Amino acid sequence: MTTMGMRARALCCWVLLILSTAPDWPAVAASSSWTVDGTVLELDDSNFDSAISALDLVLVDFYAPWCGHCKRLSPQLDAAAPLLAGLKHPVAIAKLNADKFTSVARKYEIDAYPTLKLFMHGVPIEYNGPRKAESLVRYLKKFAAPDVSILESDSAISEFVEAAGTYFPTYIGFGLDESLISKLAIKYKKKAWFSVAKDFSEDVMVLYDFDKVPALASLHPMYDERNIFYGPFEEDFLEDFIKQSLFPLALTINYETLKSLSDDERKIVLAIVEDEDEEKSKKLIKILKSAASANRDFVFGYVGIKQWEDFADTFGATKKTKLPKMVVWDRMEEYFTVNGSESIDEEDQASQVSQFLQGYKEGRIIKKRIGGPSFGSVMYSFLGMRTVYIMVFLVIITMLIRSISKEDDEPPVVRAADQIDHAASSSSEAESREHRSGEKED
Ligand SMILES: *[C@@H]1O[C@H](CO)[C@@H](O)[C@H](O)[C@H]1NC(C)=O
């Protein structure tokens, strides 16, 4: 099973780590004159710190020479490096043999190869973006952009939106002072583009569908969605709007979107349908969207059995189940059905969805554990077992799955550390279940 596989893999990697632990190299006076010249910088224990402190933005590939995925990534990075070097705020690409230079690798807790981290002014963040040269460049441009772009004309607005592309949502503050959003723009810099438009015509108001200023528009080009926020422009309200607009109202659940949800803490209202592309599913999705705009404390998602059978199976939905099936998933190993609203009939789906939500909020719920024969493989496929944290509280030992694998298409080859502890006793698990059921949202 997956657990065993992980353990075996981790063990093997421990052995590799121990065998390969090189003595710490004596620190030599490292050159501090780093330039971004379009080649991939090869770093080691002695010059790593100087490179990441001298360069504002560095994408570091922690690799191992024997790892096949690393070998495939390498030419993509070679191709991306000159393009990123040419930006107004250049992004450097560097690599470090984490198998050999273990003191840096340990410091940054590299536990799989390849691991990509983006160092912004010396501070590392996980790089979870694409790994093909062209899309990697487009993705990294986001990080090299100003926190808030100031747009002075209609054409500046359209150019900005065009250049922003479709990976990230875009926020445009119309008639909004940049000081109002700059703090949040920095906080959410990794997830969205921010701008303020100082000067614009009525055509823009029509195009973005707002009728007074100040207004903050959110655009989600990938999902063809937009929202307008008219205030109050106070931090809490603004942040709620920004956070909630990072995702479309109803999100198709797949490997990519699950990954992008990894920092969002809301529970997922999940509708499992036969086939996402069917007309009747589209009708339901529309209903989910309107429910979502009134229930922003949940993420609304849908998945087709045809699109991702294993995932649906995790929630006990197969082709034989009465569909669409509705559940609330806590993003960990529990989900809830609502007594009497397990599935949605064809007639008047809107009121059934609202009954489902009401039932959930009133606590008419049946708690279940995700499982099924394919559970292991589903978890493996979307987590890639990259980041599994164990949180230990006083009486709670429970596995929290916080973050989705950074791997694009494939599970990671190697784990270099065994952080998984499945020693949770059944009694403490029972306690943790009780504890969590007490936390139900209203
Ligand atoms: C579901 O609701 C019915 C009546 O409303 C009740 O009799 C039944 O016990 C409930 N089932 C569960 C599992 O809570």
# chains A, B, ... in the order shown; residues from 1 in each chain; ligands from 1
>>> residues_near_ligand(ligand="ligand 1", cutoff="12 Å", atoms="only C-alpha atoms and all ligand atoms", output="ChimeraX atom specification")
/A:336-342,359-360,363-368
>>> write_last_selection(atoms="C-alpha atoms", output="JSON list (two decimals), in the first residue's frame")
[["chain", "number", "residue", "atom", "x", "y", "z"],
["A", 336, "PHE", "CA", -20.21, 14.74, 5.48],
["A", 337, "THR", "CA", -23.42, 13.85, 3.80],
["A", 338, "VAL", "CA", -26.66, 15.52, 4.79],
["A", 339, "ASN", "CA", -29.42, 13.24, 5.98],
["A", 340, "GLY", "CA", -32.16, 13.35, 3.35],
["A", 341, "SER", "CA", -30.07, 15.34, 0.83],
["A", 342, "GLU", "CA", -27.58, 12.71, -0.25],
["A", 359, "GLY", "CA", -29.24, 20.67, 6.49],
["A", 360, "TYR", "CA", -25.49, 20.88, 6.79],
["A", 363, "GLY", "CA", -26.09, 19.68, 11.72],
["A", 364, "ARG", "CA", -28.25, 17.01, 10.09],
["A", 365, "ILE", "CA", -25.09, 15.38, 8.94],
["A", 366, "ILE", "CA", -23.60, 11.95, 8.69],
["A", 367, "LYS", "CA", -19.88, 11.87, 9.10],
["A", 368, "LYS", "CA", -17.86, 9.58, 6.87]]
>>> residues_around(residues="Leu96 of chain A", least_positions_apart="6", cutoff="6 Å", atoms="only C-alpha atoms", output="ChimeraX atom specification")
/A:43-44,62
>>> select_by_dssp(residues="segment 154-403 of chain A", states="alpha helix (DSSP H)", output="PyMOL selection string")
chain A and resi 154-164+178-187+202-208+235-244+255-260+279-294+309-314+349-361+375-383
>>> residues_around(residues="segment 351-356 of chain A", least_positions_apart="4", cutoff="12 Å", atoms="only C-alpha atoms", output="ChimeraX atom specification")
/A:269-271,284-292,294-295,300,324-328,336-347,360-365
>>> write_last_selection(atoms="C-alpha atoms", output="PDB file, in the first residue's frame")
ATOM      1  CA  VAL A 269     -19.119  21.616  -0.978  1.00  0.00           C
ATOM      2  CA  LEU A 270     -18.656  18.956  -3.592  1.00  0.00           C
ATOM      3  CA  ALA A 271     -21.155  17.889  -6.213  1.00  0.00           C
ATOM      4  CA  LEU A 284     -26.333  22.223 -11.737  1.00  0.00           C
ATOM      5  CA  ILE A 285     -23.004  24.066 -11.905  1.00  0.00           C
ATOM      6  CA  LYS A 286     -24.901  27.276 -12.539  1.00  0.00           C
ATOM      7  CA  ILE A 287     -26.954  26.639  -9.430  1.00  0.00           C
ATOM      8  CA  LEU A 288     -23.793  25.910  -7.465  1.00  0.00           C
ATOM      9  CA  LYS A 289     -22.366  29.239  -8.571  1.00  0.00           C
ATOM     10  CA  SER A 290     -25.294  31.199  -7.289  1.00  0.00           C
ATOM     11  CA  ALA A 291     -25.223  29.232  -4.034  1.00  0.00           C
ATOM     12  CA  ALA A 292     -21.499  29.956  -3.825  1.00  0.00           C
ATOM     13  CA  ALA A 294     -24.172  33.607  -1.042  1.00  0.00           C
ATOM     14  CA  ASN A 295     -22.017  31.122   0.886  1.00  0.00           C
ATOM     15  CA  PHE A 300     -17.994  25.011  -4.197  1.00  0.00           C
ATOM     16  CA  PRO A 324     -25.558  14.039  -8.559  1.00  0.00           C
ATOM     17  CA  LYS A 325     -24.310  13.317  -5.076  1.00  0.00           C
ATOM     18  CA  MET A 326     -23.575  16.148  -2.658  1.00  0.00           C
ATOM     19  CA  VAL A 327     -21.049  16.061   0.174  1.00  0.00           C
ATOM     20  CA  VAL A 328     -19.084  18.526   2.271  1.00  0.00           C
ATOM     21  CA  PHE A 336     -20.210  14.736   5.482  1.00  0.00           C
ATOM     22  CA  THR A 337     -23.421  13.855   3.805  1.00  0.00           C
ATOM     23  CA  VAL A 338     -26.659  15.523   4.789  1.00  0.00           C
ATOM     24  CA  ASN A 339     -29.421  13.242   5.977  1.00  0.00           C
ATOM     25  CA  GLY A 340     -32.159  13.354   3.349  1.00  0.00           C
ATOM     26  CA  SER A 341     -30.073  15.337   0.832  1.00  0.00           C
ATOM     27  CA  GLU A 342     -27.583  12.708  -0.245  1.00  0.00           C
ATOM     28  CA  SER A 343     -28.387  13.218  -3.865  1.00  0.00           C
ATOM     29  CA  ILE A 344     -30.098  15.787  -6.034  1.00  0.00           C
ATOM     30  CA  ASP A 345     -33.117  14.987  -8.182  1.00  0.00           C
ATOM     31  CA  GLU A 346     -33.577  16.418 -11.618  1.00  0.00           C
ATOM     32  CA  GLU A 347     -36.519  18.614 -10.640  1.00  0.00           C
ATOM     33  CA  TYR A 360     -25.491  20.883   6.790  1.00  0.00           C
ATOM     34  CA  LYS A 361     -25.628  24.093   8.761  1.00  0.00           C
ATOM     35  CA  GLU A 362     -28.270  22.678  11.065  1.00  0.00           C
ATOM     36  CA  GLY A 363     -26.090  19.676  11.721  1.00  0.00           C
ATOM     37  CA  ARG A 364     -28.252  17.006  10.094  1.00  0.00           C
ATOM     38  CA  ILE A 365     -25.089  15.385   8.939  1.00  0.00           C
TER      39      ILE A 365
END
>>> closest_atom_pairs(of="segment 84-150 of chain A", to="segment 182-205 of chain A", cutoff="8 Å", atoms="only C-alpha atoms", output="tab-separated table")
residue	atom	partner	partner_atom	distance
A:Lys142	CA	A:Trp193	CA	7.0
A:Phe143	CA	A:Lys190	CA	6.9
A:Asp147	CA	A:Ala185	CA	5.8
A:Val148	CA	A:Ser195	CA	4.7
A:Ser149	CA	A:Ser195	CA	4.4
A:Ile150	CA	A:Val196	CA	5.2
>>> select_by_dssp(residues="segment 57-248 of chain A", states="strand (DSSP E)", output="VMD selection string")
chain A and resid 57 to 63 92 to 97 115 to 120 123 to 126 149 to 151 170 to 174 193 to 197 215 to 220 225 to 229
>>> write_last_selection(atoms="C-alpha atoms", output="PDB file, in the first residue's frame")
ATOM      1  CA  LEU A  57      14.648  36.795  -7.260  1.00  0.00           C
ATOM      2  CA  VAL A  58      16.197  33.389  -7.685  1.00  0.00           C
ATOM      3  CA  LEU A  59      14.486  30.183  -8.648  1.00  0.00           C
ATOM      4  CA  VAL A  60      16.593  27.363  -7.229  1.00  0.00           C
ATOM      5  CA  ASP A  61      16.419  23.814  -8.516  1.00  0.00           C
ATOM      6  CA  PHE A  62      17.501  21.422  -5.776  1.00  0.00           C
ATOM      7  CA  TYR A  63      18.422  18.340  -7.736  1.00  0.00           C
ATOM      8  CA  ALA A  92      17.850  34.265 -11.866  1.00  0.00           C
ATOM      9  CA  ILE A  93      17.773  30.506 -12.150  1.00  0.00           C
ATOM     10  CA  ALA A  94      20.188  28.489 -10.079  1.00  0.00           C
ATOM     11  CA  LYS A  95      20.674  24.871  -9.211  1.00  0.00           C
ATOM     12  CA  LEU A  96      22.233  23.076  -6.323  1.00  0.00           C
ATOM     13  CA  ASN A  97      23.189  19.443  -6.118  1.00  0.00           C
ATOM     14  CA  THR A 115      12.447  20.640  -5.480  1.00  0.00           C
ATOM     15  CA  LEU A 116      12.026  24.141  -6.806  1.00  0.00           C
ATOM     16  CA  LYS A 117      12.046  27.089  -4.465  1.00  0.00           C
ATOM     17  CA  LEU A 118      11.746  30.715  -5.352  1.00  0.00           C
ATOM     18  CA  PHE A 119      13.857  32.992  -3.176  1.00  0.00           C
ATOM     19  CA  MET A 120      12.416  36.477  -2.995  1.00  0.00           C
ATOM     20  CA  VAL A 123      13.058  34.325   1.595  1.00  0.00           C
ATOM     21  CA  PRO A 124      12.121  30.965   0.099  1.00  0.00           C
ATOM     22  CA  ILE A 125       8.673  30.010  -1.080  1.00  0.00           C
ATOM     23  CA  GLU A 126       7.642  26.711  -2.602  1.00  0.00           C
ATOM     24  CA  SER A 149       0.820  48.369 -11.042  1.00  0.00           C
ATOM     25  CA  ILE A 150      -0.401  51.888 -11.692  1.00  0.00           C
ATOM     26  CA  LEU A 151      -2.470  52.154 -14.862  1.00  0.00           C
ATOM     27  CA  THR A 170      -6.234  39.987 -11.630  1.00  0.00           C
ATOM     28  CA  TYR A 171      -7.500  42.792  -9.419  1.00  0.00           C
ATOM     29  CA  ILE A 172      -8.006  46.303 -10.711  1.00  0.00           C
ATOM     30  CA  GLY A 173      -8.889  49.092  -8.329  1.00  0.00           C
ATOM     31  CA  PHE A 174     -10.778  51.743 -10.240  1.00  0.00           C
ATOM     32  CA  TRP A 193      -1.978  40.502  -9.974  1.00  0.00           C
ATOM     33  CA  PHE A 194      -2.851  43.830  -8.435  1.00  0.00           C
ATOM     34  CA  SER A 195      -3.269  47.183 -10.085  1.00  0.00           C
ATOM     35  CA  VAL A 196      -5.030  50.494  -9.675  1.00  0.00           C
ATOM     36  CA  ALA A 197      -6.431  52.444 -12.596  1.00  0.00           C
ATOM     37  CA  ALA A 215     -14.577  49.859  -7.178  1.00  0.00           C
ATOM     38  CA  LEU A 216     -12.322  46.850  -7.067  1.00  0.00           C
ATOM     39  CA  ALA A 217     -12.788  44.437  -9.949  1.00  0.00           C
ATOM     40  CA  SER A 218     -11.541  40.871  -9.852  1.00  0.00           C
ATOM     41  CA  LEU A 219     -11.040  39.045 -13.115  1.00  0.00           C
ATOM     42  CA  HIS A 220     -10.612  35.344 -13.480  1.00  0.00           C
ATOM     43  CA  GLU A 225     -15.530  35.140 -14.130  1.00  0.00           C
ATOM     44  CA  ARG A 226     -15.453  38.571 -12.645  1.00  0.00           C
ATOM     45  CA  ASN A 227     -16.630  40.250  -9.485  1.00  0.00           C
ATOM     46  CA  ILE A 228     -16.992  43.834  -8.371  1.00  0.00           C
ATOM     47  CA  PHE A 229     -16.487  45.075  -4.858  1.00  0.00           C
TER      48      PHE A 229
END
>>> closest_residue(among="A:Glu235, A:Glu333, A:Asp240, A:Glu274", to="Thr318 of chain A", atoms="only C-alpha atoms")
A:Glu274
>>> residues_around(residues="segment 102-110 of chain A", least_positions_apart="3", cutoff="7 Å", atoms="only C-alpha atoms", output="PyMOL selection string")
chain A and resi 21+45+98-99+115
>>> write_last_selection(atoms="N, CA and C atoms", output="CSV table (one decimal), in the first residue's frame")
chain,number,residue,atom,x,y,z
A,21,THR,N,26.4,11.7,2.6
A,21,THR,CA,26.7,13.0,3.4
A,21,THR,C,28.1,13.3,3.2
A,45,ASP,N,27.5,24.7,-1.3
A,45,ASP,CA,27.4,25.2,0.1
A,45,ASP,C,28.1,26.5,0.4
A,98,ALA,N,21.7,18.8,-4.4
A,98,ALA,CA,21.2,18.7,-3.0
A,98,ALA,C,21.7,17.4,-2.4
A,99,ASP,N,22.1,16.5,-3.2
A,99,ASP,CA,22.7,15.2,-2.8
A,99,ASP,C,24.1,15.4,-2.3
A,115,THR,N,13.3,19.7,-6.2
A,115,THR,CA,12.4,20.6,-5.5
A,115,THR,C,12.8,22.0,-6.0
>>> residues_around(residues="segment 72-85 of chain A", least_positions_apart="4", cutoff="10 Å", atoms="only C-alpha atoms", output="number ranges by chain")
A: 35-41, 59-61, 63, 67-68, 89-95, 114, 131-138, 140-141, 144
>>> closest_residue(among="A:Ser53, A:Ser281, A:Gln358, A:Ser158", to="Lys306 of chain A", atoms="only C-alpha atoms")
A:Ser281
